[in-house]
Amino acid sequence: MLVFTLRRLLVAIPTLLVISLVIFLLVDFAPGSPMSEIPLTVPPDVRQKMIAALGADQPVLVRYVLWLRQFFWVEPATLFDGIFGTHLAGNEQRILSWQSRSPVFSIIGQRMPQTLTVIGTAYLVGILIALPIGIYSAYRQYSWFDQLGTLFAMIGFSVPTFFSGTLFIIVFAVWFGWFPTKYDTTLHVTDWASFLKQLKQMAMPVMTLGLANAATISRYMRSSMLENMGQDYVRTARAKGMTERTVVLKHVLRNSLIPVVTVIALGIPSIFGGAIITENLFGVNGIGAALIGAIHANDLPMVQTLAFIFAVLIVTFNLIADVLYGFLDPRIRYD
Amino acid sequence: MPDGGDAVLDVRGLKTVFRTRGGEVHAVNSVSFHLKKGELLGVVGESGSGKSVTMMSLIGLLPSPPADVRAGTVMLGNRDLLKISPDELRDVRGAKIGFVFQDPMTSLNPVFTVGSQIMEPLIRHLGLTKDQARSRAIDLLELVGISDAANRLQSFPHQYSGGMRQRVMIAIALSCDPDVLIADEPTTALDVTIQAQILELVKGLRQKLGMAIIWITHDLGVIAGIADRVMVMYGGQVVEQAPVKELFAHPQHPYTRALLKTIPSLTGTRAARLQVIEGQPPIMMAEPASCPFCDRCAHVFDRCRRENPVRRGIDTRPVGYGHDVACHWTPEAAVA
């Protein structure tokens, strides 16, 4: 397993290099200028100087290599310095956002907590709802509970978040007045009252995304359970006189969880990616909102860096999913 | 009950029906048999004759729906297994009646160790602690001929060969000292040398432990080697029943005779074609009003199509205890 993991990590290096090049070039070739946000009254020679100051007049490959160096050396070094008080990074230039002129990673550091709190909770809630529904639906296939679960999953699949989110706002915020319509990013949880407030403002975005997540995962869980329910070893467990509880929740579930856990692990990068529509709808100032803002403003370093971070996360969680598979299924050995 | 006071298992008039979209399929029709203490009853018949369904009906192993065990009594000791609650039946399964299935490759749960799968029924039925169950599991593995048992408990099923997995299945079935062991084609999925080993193992275990065994197979050669008594099934019914030597010496039912002819011989002329029984076993969409074998029978006559024959004794003993057959045709009738 260790050898396998190390080998996969080594393979990940060229993979990520190729991805980084593709991302950098694709984003760079997109039309638009870093000066698009600068008023037209600024004279052309000043404009030229501003572009030079950003380093945007250099050839694309030079900028690519510099960006790679910043991403893999300067930024980690800065992070290390920040934690341990060392001076590894020195005065080296960090990746700067063209839009705000502040380091991209500082912006990400500010936005990430919102995204992780809201989207992460939604993912967790989705899983917690989906697993019992999937398990029971499969155990009582075609029962009214299963039909209801299917309906629920179909709604979750087919209703887009901008619709369900708006519906929730109308029903729960406007009609009932239970929850605030907007997410307040400045709220700090310090005591019980502020914690309740945080829960309240999280409720609707979490419901919106949780519904969509639960729909997908419950279907996976159900079909995986159904597949295993008809296996011979289930009949063996029954022939041994095991209770239905043991048969279903031990023998069948343990086997059914293997693919589902993999799917869940593979979905985690999407939490970091944020949920662009939901974040916008509820005013959650997270990563998704940052990415959209950067794209609008032609903030190439921000877009490139965010896209590459997602790529790194996806590669990482693919590896994690593979390793998890090896842990969960004794038949799989990577060595 | 004539001469059957020592029967551990007594099945009467068992009927099992599958509800399908195309209607009801009558898979088991009024099957009656009994099993004496320490006896080995062989059940033969081709695929689809209702052998496995009959045995699974006894202990509620068929998924319901679609299966519906509709009538009959299954007396284990003085309890009717068809009348007791699902919970009581669970206490019987694995404790009083052990079951070994056909395919050892898929019958064990791939994600749990062999040890934990053997220990499960011990903890459930005998109320052993984990440590007690572990030491008993080691004994059981040694009993079924797996060496280095203590270490092999930690292994997963995929680390065992097919024959060893079937040994494990037998160990599980025998774990709680059952009165009855039902073996549903336990050697069909194994190659011949392993098959012979498993047969020897079961013979030995039977002498050591003294449980009664129902051995389902379509291999008459196997039956000849181990059974005390044979029950031939066709179309969900028992068509002939006799002590093993009697059956092989004087088969009565045309189906039994045809089955015996299909056994390829090692010594006969090599040019002879393999004997087959033409046609397919019937799918019963209603309770049969004719003999289920009539379409494939060489001796068929009018009465066979009008009336489903009931079992009648060939010798003086009552049906089920000597030699009996469910057939209208007799050698005398052929003469007449």
# chains A, B, ... in the order shown; residues from 1 in each chain; ligands from 1
>>> residues_around(residues="region 180-183 of chain B", least_positions_apart="6", cutoff="7 Å", atoms="only C-alpha atoms", output="PDB file with C-alpha atoms, in the first residue's frame")
ATOM      1  CA  LYS B  96     -30.774 -27.012  14.609  1.00  0.00           C
ATOM      2  CA  ILE B  97     -30.514 -27.076  10.820  1.00  0.00           C
ATOM      3  CA  GLY B  98     -27.263 -26.266   9.029  1.00  0.00           C
ATOM      4  CA  PHE B  99     -27.183 -25.386   5.343  1.00  0.00           C
ATOM      5  CA  VAL B 100     -24.328 -25.756   2.851  1.00  0.00           C
ATOM      6  CA  PHE B 101     -24.801 -24.123  -0.525  1.00  0.00           C
ATOM      7  CA  MET B 211     -26.307 -35.766  12.415  1.00  0.00           C
ATOM      8  CA  ALA B 212     -28.867 -36.537   9.742  1.00  0.00           C
ATOM      9  CA  ILE B 213     -28.045 -35.229   6.275  1.00  0.00           C
ATOM     10  CA  ILE B 214     -30.087 -34.264   3.253  1.00  0.00           C
ATOM     11  CA  TRP B 215     -27.804 -34.286   0.241  1.00  0.00           C
ATOM     12  CA  ILE B 216     -29.153 -32.606  -2.881  1.00  0.00           C
TER      13      ILE B 216
END
>>> residues_around(residues="region 161-168 of chain A", least_positions_apart="2", cutoff="12 Å", atoms="only C-alpha atoms", output="JSON, numbers by chain")
{"A": [155, 156, 157, 158, 159, 170, 171, 172, 173, 174, 175, 176, 177, 178, 179, 180, 181, 182, 203, 204, 205, 206, 207, 208, 209, 210, 211, 212, 213, 275, 276, 277, 278, 279, 280, 281, 282, 283]}
>>> write_last_selection(atoms="N, CA and C atoms", output="tab-separated table (two decimals), in the first residue's frame")
chain	number	residue	atom	x	y	z
A	155	ILE	N	-36.61	14.77	-7.53
A	155	ILE	CA	-36.72	16.21	-7.33
A	155	ILE	C	-35.33	16.81	-7.11
A	156	GLY	N	-34.54	16.16	-6.25
A	156	GLY	CA	-33.21	16.66	-5.97
A	156	GLY	C	-32.34	16.73	-7.20
A	157	PHE	N	-32.50	15.73	-8.08
A	157	PHE	CA	-31.73	15.70	-9.31
A	157	PHE	C	-32.14	16.81	-10.25
A	158	SER	N	-33.47	16.94	-10.43
A	158	SER	CA	-33.95	17.70	-11.58
A	158	SER	C	-34.21	19.17	-11.27
A	159	VAL	N	-34.43	19.50	-10.00
A	159	VAL	CA	-34.69	20.91	-9.70
A	159	VAL	C	-33.35	21.63	-9.50
A	170	ILE	N	-38.36	32.24	-0.56
A	170	ILE	CA	-39.75	32.73	-0.53
A	170	ILE	C	-40.50	32.10	0.64
A	171	VAL	N	-40.40	30.77	0.76
A	171	VAL	CA	-41.19	30.08	1.78
A	171	VAL	C	-40.67	30.37	3.18
A	172	PHE	N	-39.37	30.10	3.40
A	172	PHE	CA	-38.88	30.13	4.78
A	172	PHE	C	-38.44	31.52	5.25
A	173	ALA	N	-38.02	32.38	4.31
A	173	ALA	CA	-37.59	33.71	4.73
A	173	ALA	C	-38.71	34.73	4.60
A	174	VAL	N	-39.39	34.71	3.43
A	174	VAL	CA	-40.40	35.74	3.20
A	174	VAL	C	-41.71	35.40	3.91
A	175	TRP	N	-42.24	34.19	3.67
A	175	TRP	CA	-43.54	33.85	4.26
A	175	TRP	C	-43.43	33.60	5.75
A	176	PHE	N	-42.55	32.66	6.13
A	176	PHE	CA	-42.48	32.28	7.54
A	176	PHE	C	-41.55	33.18	8.34
A	177	GLY	N	-40.56	33.76	7.67
A	177	GLY	CA	-39.62	34.62	8.36
A	177	GLY	C	-38.72	33.90	9.34
A	178	TRP	N	-38.47	32.60	9.10
A	178	TRP	CA	-37.64	31.81	10.02
A	178	TRP	C	-36.16	32.15	9.87
A	179	PHE	N	-35.73	32.29	8.63
A	179	PHE	CA	-34.29	32.45	8.35
A	179	PHE	C	-34.05	33.77	7.62
A	180	PRO	N	-32.84	34.34	7.79
A	180	PRO	CA	-32.50	35.55	7.02
A	180	PRO	C	-32.29	35.20	5.55
A	181	THR	N	-32.59	36.13	4.64
A	181	THR	CA	-32.40	35.85	3.22
A	181	THR	C	-30.93	35.88	2.84
A	182	LYS	N	-30.17	36.69	3.54
A	182	LYS	CA	-28.75	36.85	3.17
A	182	LYS	C	-27.85	36.25	4.25
A	203	ALA	N	-28.97	27.58	7.37
A	203	ALA	CA	-30.01	26.58	7.13
A	203	ALA	C	-30.40	26.48	5.66
A	204	MET	N	-30.69	27.62	5.04
A	204	MET	CA	-31.22	27.54	3.67
A	204	MET	C	-30.20	27.12	2.63
A	205	PRO	N	-29.00	27.73	2.61
A	205	PRO	CA	-28.03	27.21	1.64
A	205	PRO	C	-27.70	25.73	1.88
A	206	VAL	N	-27.65	25.31	3.14
A	206	VAL	CA	-27.36	23.91	3.43
A	206	VAL	C	-28.49	23.01	2.93
A	207	MET	N	-29.74	23.45	3.13
A	207	MET	CA	-30.87	22.67	2.63
A	207	MET	C	-30.82	22.55	1.11
A	208	THR	N	-30.56	23.68	0.46
A	208	THR	CA	-30.55	23.71	-1.00
A	208	THR	C	-29.53	22.72	-1.56
A	209	LEU	N	-28.30	22.82	-1.07
A	209	LEU	CA	-27.25	21.95	-1.58
A	209	LEU	C	-27.38	20.53	-1.04
A	210	GLY	N	-27.81	20.43	0.22
A	210	GLY	CA	-27.97	19.11	0.84
A	210	GLY	C	-28.96	18.26	0.07
A	211	LEU	N	-30.04	18.88	-0.39
A	211	LEU	CA	-31.05	18.16	-1.17
A	211	LEU	C	-30.43	17.56	-2.42
A	212	ALA	N	-29.65	18.41	-3.14
A	212	ALA	CA	-29.04	17.94	-4.37
A	212	ALA	C	-28.04	16.82	-4.09
A	213	ASN	N	-27.21	16.99	-3.04
A	213	ASN	CA	-26.23	15.96	-2.70
A	213	ASN	C	-26.91	14.67	-2.27
A	275	ALA	N	-19.94	26.44	-4.43
A	275	ALA	CA	-21.13	26.27	-5.24
A	275	ALA	C	-21.49	27.65	-5.75
A	276	ILE	N	-21.13	27.91	-7.00
A	276	ILE	CA	-21.21	29.27	-7.53
A	276	ILE	C	-22.61	29.85	-7.41
A	277	ILE	N	-23.60	29.06	-7.86
A	277	ILE	CA	-24.96	29.60	-7.88
A	277	ILE	C	-25.50	29.79	-6.47
A	278	THR	N	-25.34	28.75	-5.64
A	278	THR	CA	-25.88	28.83	-4.29
A	278	THR	C	-25.20	29.95	-3.50
A	279	GLU	N	-23.88	30.06	-3.65
A	279	GLU	CA	-23.16	31.11	-2.93
A	279	GLU	C	-23.67	32.49	-3.35
A	280	ASN	N	-23.88	32.67	-4.64
A	280	ASN	CA	-24.40	33.95	-5.13
A	280	ASN	C	-25.80	34.22	-4.62
A	281	LEU	N	-26.63	33.17	-4.64
A	281	LEU	CA	-28.03	33.32	-4.28
A	281	LEU	C	-28.18	33.79	-2.83
A	282	PHE	N	-27.38	33.20	-1.93
A	282	PHE	CA	-27.54	33.51	-0.51
A	282	PHE	C	-26.50	34.51	-0.01
A	283	GLY	N	-25.66	34.99	-0.93
A	283	GLY	CA	-24.65	35.96	-0.53
A	283	GLY	C	-23.57	35.37	0.35
>>> residues_around(residues="Gly210 (chain B)", least_positions_apart="3", cutoff="6 Å", atoms="only C-alpha atoms", output="number ranges by chain")
B: 38, 206-207
>>> closest_atom_pairs(of="chain B", to="chain A", cutoff="6 Å", atoms="only C-alpha atoms", output="CSV")
residue,atom,partner,partner_atom,distance
B:Arg90,CA,A:Gly241,CA,4.5
B:Arg93,CA,A:Gly241,CA,4.6
B:Gly94,CA,A:Lys240,CA,4.0
B:Thr106,CA,A:Asp232,CA,5.7
B:Ser107,CA,A:Tyr233,CA,4.3
B:Leu108,CA,A:Tyr233,CA,4.9
B:Asn109,CA,A:Tyr233,CA,5.1
B:Val111,CA,A:Pro330,CA,5.9
B:Pro121,CA,A:Lys240,CA,5.9
>>> residues_around(residues="Trp67 (chain A)", least_positions_apart="5", cutoff="9 Å", atoms="only C-alpha atoms", output="list in words")
Val62, Phe72, Arg94, Ile95, Pro301 and Thr305 of chain A
>>> write_last_selection(atoms="N, CA, C and O atoms", output="compact mmCIF listing (two decimals), in the first residue's frame")
# COMPACT_ATOMS: atom_id res chain seq x y z
N VAL A 62 7.45 32.51 -19.93
CA VAL A 62 8.17 33.09 -18.79
C VAL A 62 7.22 33.25 -17.62
O VAL A 62 7.51 32.88 -16.48
N PHE A 72 4.65 26.63 -6.23
CA PHE A 72 5.21 25.46 -5.55
C PHE A 72 6.31 25.81 -4.54
O PHE A 72 6.66 25.00 -3.72
N ARG A 94 4.86 37.04 -4.18
CA ARG A 94 3.82 36.02 -4.16
C ARG A 94 2.91 36.20 -5.37
O ARG A 94 3.02 37.18 -6.10
N ILE A 95 2.01 35.21 -5.60
CA ILE A 95 1.06 35.36 -6.70
C ILE A 95 0.08 36.46 -6.34
O ILE A 95 -0.58 36.39 -5.30
N PRO A 301 -4.32 35.64 -12.80
CA PRO A 301 -3.63 34.84 -11.77
C PRO A 301 -4.59 34.18 -10.79
O PRO A 301 -4.41 33.03 -10.39
N THR A 305 -4.82 30.21 -10.58
CA THR A 305 -4.46 29.58 -9.31
C THR A 305 -5.61 28.76 -8.75
O THR A 305 -5.43 27.61 -8.33
>>> residues_around(residues="region 49-51 of chain A", least_positions_apart="4", cutoff="12 Å", atoms="only C-alpha atoms", output="PyMOL selection string")
chain A and resi 33-36+38+42-45+55-58+98+101
>>> write_last_selection(atoms="N, CA and C atoms", output="PDB file, in the first residue's frame")
ATOM      1  N   SER A  33      -8.180  42.030 -21.118  1.00  0.00           N
ATOM      2  CA  SER A  33      -6.916  42.596 -20.662  1.00  0.00           C
ATOM      3  C   SER A  33      -6.987  42.827 -19.171  1.00  0.00           C
ATOM      4  N   PRO A  34      -5.833  42.762 -18.470  1.00  0.00           N
ATOM      5  CA  PRO A  34      -5.855  43.028 -17.026  1.00  0.00           C
ATOM      6  C   PRO A  34      -6.292  44.452 -16.721  1.00  0.00           C
ATOM      7  N   MET A  35      -6.329  45.312 -17.748  1.00  0.00           N
ATOM      8  CA  MET A  35      -6.666  46.720 -17.531  1.00  0.00           C
ATOM      9  C   MET A  35      -8.150  46.989 -17.736  1.00  0.00           C
ATOM     10  N   SER A  36      -8.941  45.923 -17.960  1.00  0.00           N
ATOM     11  CA  SER A  36     -10.338  46.158 -18.320  1.00  0.00           C
ATOM     12  C   SER A  36     -11.108  46.867 -17.213  1.00  0.00           C
ATOM     13  N   ILE A  38      -9.718  49.229 -15.369  1.00  0.00           N
ATOM     14  CA  ILE A  38      -9.145  50.572 -15.200  1.00  0.00           C
ATOM     15  C   ILE A  38      -9.929  51.559 -16.072  1.00  0.00           C
ATOM     16  N   VAL A  42      -7.516  56.821 -18.122  1.00  0.00           N
ATOM     17  CA  VAL A  42      -6.079  56.632 -17.870  1.00  0.00           C
ATOM     18  C   VAL A  42      -5.354  56.573 -19.218  1.00  0.00           C
ATOM     19  N   PRO A  43      -4.321  57.408 -19.435  1.00  0.00           N
ATOM     20  CA  PRO A  43      -3.651  57.474 -20.742  1.00  0.00           C
ATOM     21  C   PRO A  43      -2.933  56.167 -21.088  1.00  0.00           C
ATOM     22  N   PRO A  44      -2.766  55.880 -22.384  1.00  0.00           N
ATOM     23  CA  PRO A  44      -2.197  54.611 -22.833  1.00  0.00           C
ATOM     24  C   PRO A  44      -0.793  54.348 -22.286  1.00  0.00           C
ATOM     25  N   ASP A  45       0.076  55.368 -22.181  1.00  0.00           N
ATOM     26  CA  ASP A  45       1.434  55.086 -21.710  1.00  0.00           C
ATOM     27  C   ASP A  45       1.430  54.679 -20.237  1.00  0.00           C
ATOM     28  N   GLY A  55       3.845  42.648 -14.589  1.00  0.00           N
ATOM     29  CA  GLY A  55       4.593  41.565 -15.228  1.00  0.00           C
ATOM     30  C   GLY A  55       3.828  40.934 -16.365  1.00  0.00           C
ATOM     31  N   ALA A  56       2.710  41.561 -16.764  1.00  0.00           N
ATOM     32  CA  ALA A  56       1.856  40.960 -17.769  1.00  0.00           C
ATOM     33  C   ALA A  56       2.378  41.170 -19.185  1.00  0.00           C
ATOM     34  N   ASP A  57       3.491  41.918 -19.336  1.00  0.00           N
ATOM     35  CA  ASP A  57       4.017  42.124 -20.685  1.00  0.00           C
ATOM     36  C   ASP A  57       5.048  41.062 -21.052  1.00  0.00           C
ATOM     37  N   GLN A  58       5.401  40.201 -20.105  1.00  0.00           N
ATOM     38  CA  GLN A  58       6.388  39.156 -20.373  1.00  0.00           C
ATOM     39  C   GLN A  58       5.777  38.081 -21.276  1.00  0.00           C
ATOM     40  N   TRP A  98      -4.610  40.459  -9.960  1.00  0.00           N
ATOM     41  CA  TRP A  98      -4.566  41.701 -10.735  1.00  0.00           C
ATOM     42  C   TRP A  98      -5.662  42.649 -10.293  1.00  0.00           C
ATOM     43  N   ARG A 101      -4.719  43.436  -6.191  1.00  0.00           N
ATOM     44  CA  ARG A 101      -3.286  43.636  -5.935  1.00  0.00           C
ATOM     45  C   ARG A 101      -2.840  42.982  -4.626  1.00  0.00           C
TER      46      ARG A 101
END
>>> closest_residue(among="B:Leu260, B:Ala196, B:Ala224, B:Met284", to="Val244 (chain B)", atoms="only C-alpha atoms")
B:Ala224
>>> residues_around(residues="region 203-205 of chain B", least_positions_apart="4", cutoff="10 Å", atoms="only C-alpha atoms", output="list in words")
Leu40, Leu143, Val144, Ile170, Leu174, Gln197, Ile198, Leu199, Leu209, Gly210, Met211, Gly225, Ile226 and Ala227 of chain B
>>> write_last_selection(atoms="N, CA, C and O atoms", output="PDB file, in the first residue's frame")
ATOM      1  N   LEU B  40     -28.684 -40.499   5.930  1.00  0.00           N
ATOM      2  CA  LEU B  40     -28.336 -39.613   4.823  1.00  0.00           C
ATOM      3  C   LEU B  40     -29.308 -39.838   3.674  1.00  0.00           C
ATOM      4  O   LEU B  40     -29.330 -40.908   3.065  1.00  0.00           O
ATOM      5  N   LEU B 143     -11.621 -29.698  12.532  1.00  0.00           N
ATOM      6  CA  LEU B 143     -12.565 -30.789  12.279  1.00  0.00           C
ATOM      7  C   LEU B 143     -12.802 -30.992  10.781  1.00  0.00           C
ATOM      8  O   LEU B 143     -12.906 -32.113  10.304  1.00  0.00           O
ATOM      9  N   VAL B 144     -12.878 -29.877  10.026  1.00  0.00           N
ATOM     10  CA  VAL B 144     -13.125 -30.014   8.588  1.00  0.00           C
ATOM     11  C   VAL B 144     -11.813 -30.096   7.811  1.00  0.00           C
ATOM     12  O   VAL B 144     -11.790 -29.972   6.593  1.00  0.00           O
ATOM     13  N   ILE B 170     -19.000 -25.866   5.489  1.00  0.00           N
ATOM     14  CA  ILE B 170     -19.432 -27.034   6.270  1.00  0.00           C
ATOM     15  C   ILE B 170     -19.183 -26.775   7.759  1.00  0.00           C
ATOM     16  O   ILE B 170     -20.039 -27.074   8.607  1.00  0.00           O
ATOM     17  N   LEU B 174     -22.019 -26.777  10.635  1.00  0.00           N
ATOM     18  CA  LEU B 174     -21.964 -27.729  11.744  1.00  0.00           C
ATOM     19  C   LEU B 174     -21.664 -27.059  13.080  1.00  0.00           C
ATOM     20  O   LEU B 174     -21.627 -27.719  14.117  1.00  0.00           O
ATOM     21  N   GLN B 197     -12.710 -35.364  -1.996  1.00  0.00           N
ATOM     22  CA  GLN B 197     -12.248 -35.016  -0.647  1.00  0.00           C
ATOM     23  C   GLN B 197     -13.408 -34.568   0.234  1.00  0.00           C
ATOM     24  O   GLN B 197     -13.527 -34.969   1.392  1.00  0.00           O
ATOM     25  N   ILE B 198     -14.296 -33.736  -0.344  1.00  0.00           N
ATOM     26  CA  ILE B 198     -15.425 -33.227   0.432  1.00  0.00           C
ATOM     27  C   ILE B 198     -16.358 -34.373   0.814  1.00  0.00           C
ATOM     28  O   ILE B 198     -16.854 -34.459   1.947  1.00  0.00           O
ATOM     29  N   LEU B 199     -16.573 -35.304  -0.135  1.00  0.00           N
ATOM     30  CA  LEU B 199     -17.422 -36.457   0.159  1.00  0.00           C
ATOM     31  C   LEU B 199     -16.854 -37.272   1.315  1.00  0.00           C
ATOM     32  O   LEU B 199     -17.582 -37.659   2.237  1.00  0.00           O
ATOM     33  N   LEU B 209     -20.141 -37.204  14.237  1.00  0.00           N
ATOM     34  CA  LEU B 209     -21.119 -36.334  14.889  1.00  0.00           C
ATOM     35  C   LEU B 209     -22.531 -36.901  14.895  1.00  0.00           C
ATOM     36  O   LEU B 209     -23.365 -36.497  15.704  1.00  0.00           O
ATOM     37  N   GLY B 210     -22.845 -37.776  13.948  1.00  0.00           N
ATOM     38  CA  GLY B 210     -24.130 -38.455  13.953  1.00  0.00           C
ATOM     39  C   GLY B 210     -25.336 -37.616  13.582  1.00  0.00           C
ATOM     40  O   GLY B 210     -26.453 -37.934  13.956  1.00  0.00           O
ATOM     41  N   MET B 211     -25.124 -36.538  12.822  1.00  0.00           N
ATOM     42  CA  MET B 211     -26.307 -35.766  12.415  1.00  0.00           C
ATOM     43  C   MET B 211     -26.925 -36.397  11.169  1.00  0.00           C
ATOM     44  O   MET B 211     -26.277 -37.148  10.451  1.00  0.00           O
ATOM     45  N   GLY B 225     -22.660 -43.495  -3.663  1.00  0.00           N
ATOM     46  CA  GLY B 225     -21.537 -43.622  -2.744  1.00  0.00           C
ATOM     47  C   GLY B 225     -21.858 -43.295  -1.293  1.00  0.00           C
ATOM     48  O   GLY B 225     -21.234 -43.835  -0.393  1.00  0.00           O
ATOM     49  N   ILE B 226     -22.821 -42.396  -1.048  1.00  0.00           N
ATOM     50  CA  ILE B 226     -22.973 -41.957   0.339  1.00  0.00           C
ATOM     51  C   ILE B 226     -24.368 -42.124   0.932  1.00  0.00           C
ATOM     52  O   ILE B 226     -24.510 -42.147   2.145  1.00  0.00           O
ATOM     53  N   ALA B 227     -25.409 -42.217   0.083  1.00  0.00           N
ATOM     54  CA  ALA B 227     -26.761 -42.125   0.636  1.00  0.00           C
ATOM     55  C   ALA B 227     -27.242 -43.441   1.243  1.00  0.00           C
ATOM     56  O   ALA B 227     -26.802 -44.522   0.861  1.00  0.00           O
TER      57      ALA B 227
END
>>> atom_distance(atom1="CA of Asn228 (chain A)", atom2="CA of Arg165 (chain B)")
19.7 Å
>>> atom_distance(atom1="CA of Ala89 (chain A)", atom2="CA of Leu16 (chain A)")
23.0 Å
>>> select_by_dssp(residues="region 39-177 of chain B", states="strand (DSSP E)", output="list in words")
Leu40, Leu41, Gly42, Val43, Val44, Ala67, Asp68, Val69, Arg70, Ala71, Gly72, Thr73, Val74, Met75, Leu76, Arg79, Asp80, Ile97, Gly98, Phe99 and Val100 of chain B
>>> write_last_selection(atoms="N, CA and C atoms", output="JSON list (two decimals), in the first residue's frame")
[["chain", "number", "residue", "atom", "x", "y", "z"],
["B", 40, "LEU", "N", -28.68, -40.50, 5.93],
["B", 40, "LEU", "CA", -28.34, -39.61, 4.82],
["B", 40, "LEU", "C", -29.31, -39.84, 3.67],
["B", 41, "LEU", "N", -30.14, -38.83, 3.45],
["B", 41, "LEU", "CA", -31.14, -38.91, 2.40],
["B", 41, "LEU", "C", -30.63, -38.17, 1.17],
["B", 42, "GLY", "N", -30.52, -38.89, 0.06],
["B", 42, "GLY", "CA", -30.11, -38.25, -1.18],
["B", 42, "GLY", "C", -31.33, -37.75, -1.93],
["B", 43, "VAL", "N", -31.25, -36.53, -2.45],
["B", 43, "VAL", "CA", -32.35, -36.01, -3.25],
["B", 43, "VAL", "C", -31.81, -35.75, -4.64],
["B", 44, "VAL", "N", -32.36, -36.45, -5.65],
["B", 44, "VAL", "CA", -31.88, -36.26, -7.01],
["B", 44, "VAL", "C", -32.98, -35.75, -7.92],
["B", 67, "ALA", "N", -41.86, -15.87, -3.24],
["B", 67, "ALA", "CA", -42.17, -17.24, -2.82],
["B", 67, "ALA", "C", -43.25, -17.25, -1.76],
["B", 68, "ASP", "N", -44.07, -18.28, -1.77],
["B", 68, "ASP", "CA", -45.12, -18.42, -0.79],
["B", 68, "ASP", "C", -45.24, -19.91, -0.44],
["B", 69, "VAL", "N", -44.84, -20.25, 0.80],
["B", 69, "VAL", "CA", -44.98, -21.64, 1.23],
["B", 69, "VAL", "C", -46.41, -21.79, 1.72],
["B", 70, "ARG", "N", -47.21, -22.52, 0.93],
["B", 70, "ARG", "CA", -48.66, -22.41, 1.06],
["B", 70, "ARG", "C", -49.28, -23.44, 1.98],
["B", 71, "ALA", "N", -48.77, -24.64, 1.94],
["B", 71, "ALA", "CA", -49.41, -25.67, 2.74],
["B", 71, "ALA", "C", -48.38, -26.68, 3.22],
["B", 72, "GLY", "N", -48.79, -27.47, 4.17],
["B", 72, "GLY", "CA", -47.93, -28.54, 4.65],
["B", 72, "GLY", "C", -47.49, -28.34, 6.08],
["B", 73, "THR", "N", -46.82, -29.36, 6.60],
["B", 73, "THR", "CA", -46.24, -29.26, 7.93],
["B", 73, "THR", "C", -44.79, -29.69, 7.83],
["B", 74, "VAL", "N", -43.94, -29.03, 8.59],
["B", 74, "VAL", "CA", -42.53, -29.40, 8.65],
["B", 74, "VAL", "C", -42.20, -29.60, 10.12],
["B", 75, "MET", "N", -42.28, -30.84, 10.58],
["B", 75, "MET", "CA", -42.06, -31.10, 12.00],
["B", 75, "MET", "C", -40.59, -31.37, 12.27],
["B", 76, "LEU", "N", -40.01, -30.49, 13.07],
["B", 76, "LEU", "CA", -38.65, -30.72, 13.56],
["B", 76, "LEU", "C", -38.80, -31.01, 15.04],
["B", 79, "ARG", "N", -42.00, -29.41, 16.85],
["B", 79, "ARG", "CA", -42.39, -28.07, 16.40],
["B", 79, "ARG", "C", -42.64, -28.05, 14.90],
["B", 80, "ASP", "N", -43.68, -27.35, 14.47],
["B", 80, "ASP", "CA", -43.92, -27.18, 13.04],
["B", 80, "ASP", "C", -43.23, -25.89, 12.58],
["B", 97, "ILE", "N", -30.66, -26.65, 12.21],
["B", 97, "ILE", "CA", -30.51, -27.08, 10.82],
["B", 97, "ILE", "C", -29.38, -26.26, 10.18],
["B", 98, "GLY", "N", -28.37, -26.94, 9.72],
["B", 98, "GLY", "CA", -27.26, -26.27, 9.03],
["B", 98, "GLY", "C", -27.44, -26.40, 7.53],
["B", 99, "PHE", "N", -26.97, -25.39, 6.79],
["B", 99, "PHE", "CA", -27.18, -25.39, 5.34],
["B", 99, "PHE", "C", -25.85, -25.14, 4.65],
["B", 100, "VAL", "N", -25.52, -25.98, 3.68],
["B", 100, "VAL", "CA", -24.33, -25.76, 2.85],
["B", 100, "VAL", "C", -24.80, -25.54, 1.43]]
>>> atom_distance(atom1="CA of Val319 (chain B)", atom2="CA of Gln280 (chain B)")
28.0 Å
>>> residues_around(residues="Met56 (chain B)", least_positions_apart="4", cutoff="10 Å", atoms="only C-alpha atoms", output="PyMOL selection string")
(chain A and resi 239) or (chain B and resi 50-52+60-63+99+182+184)
>>> select_by_dssp(residues="region 52-277 of chain A", states="helix (DSSP H, G or I)", output="ChimeraX atom specification")
/A:52-54,60-84,104-139,144-158,161-175,192-229,232-239,244-267,269-272,276-277
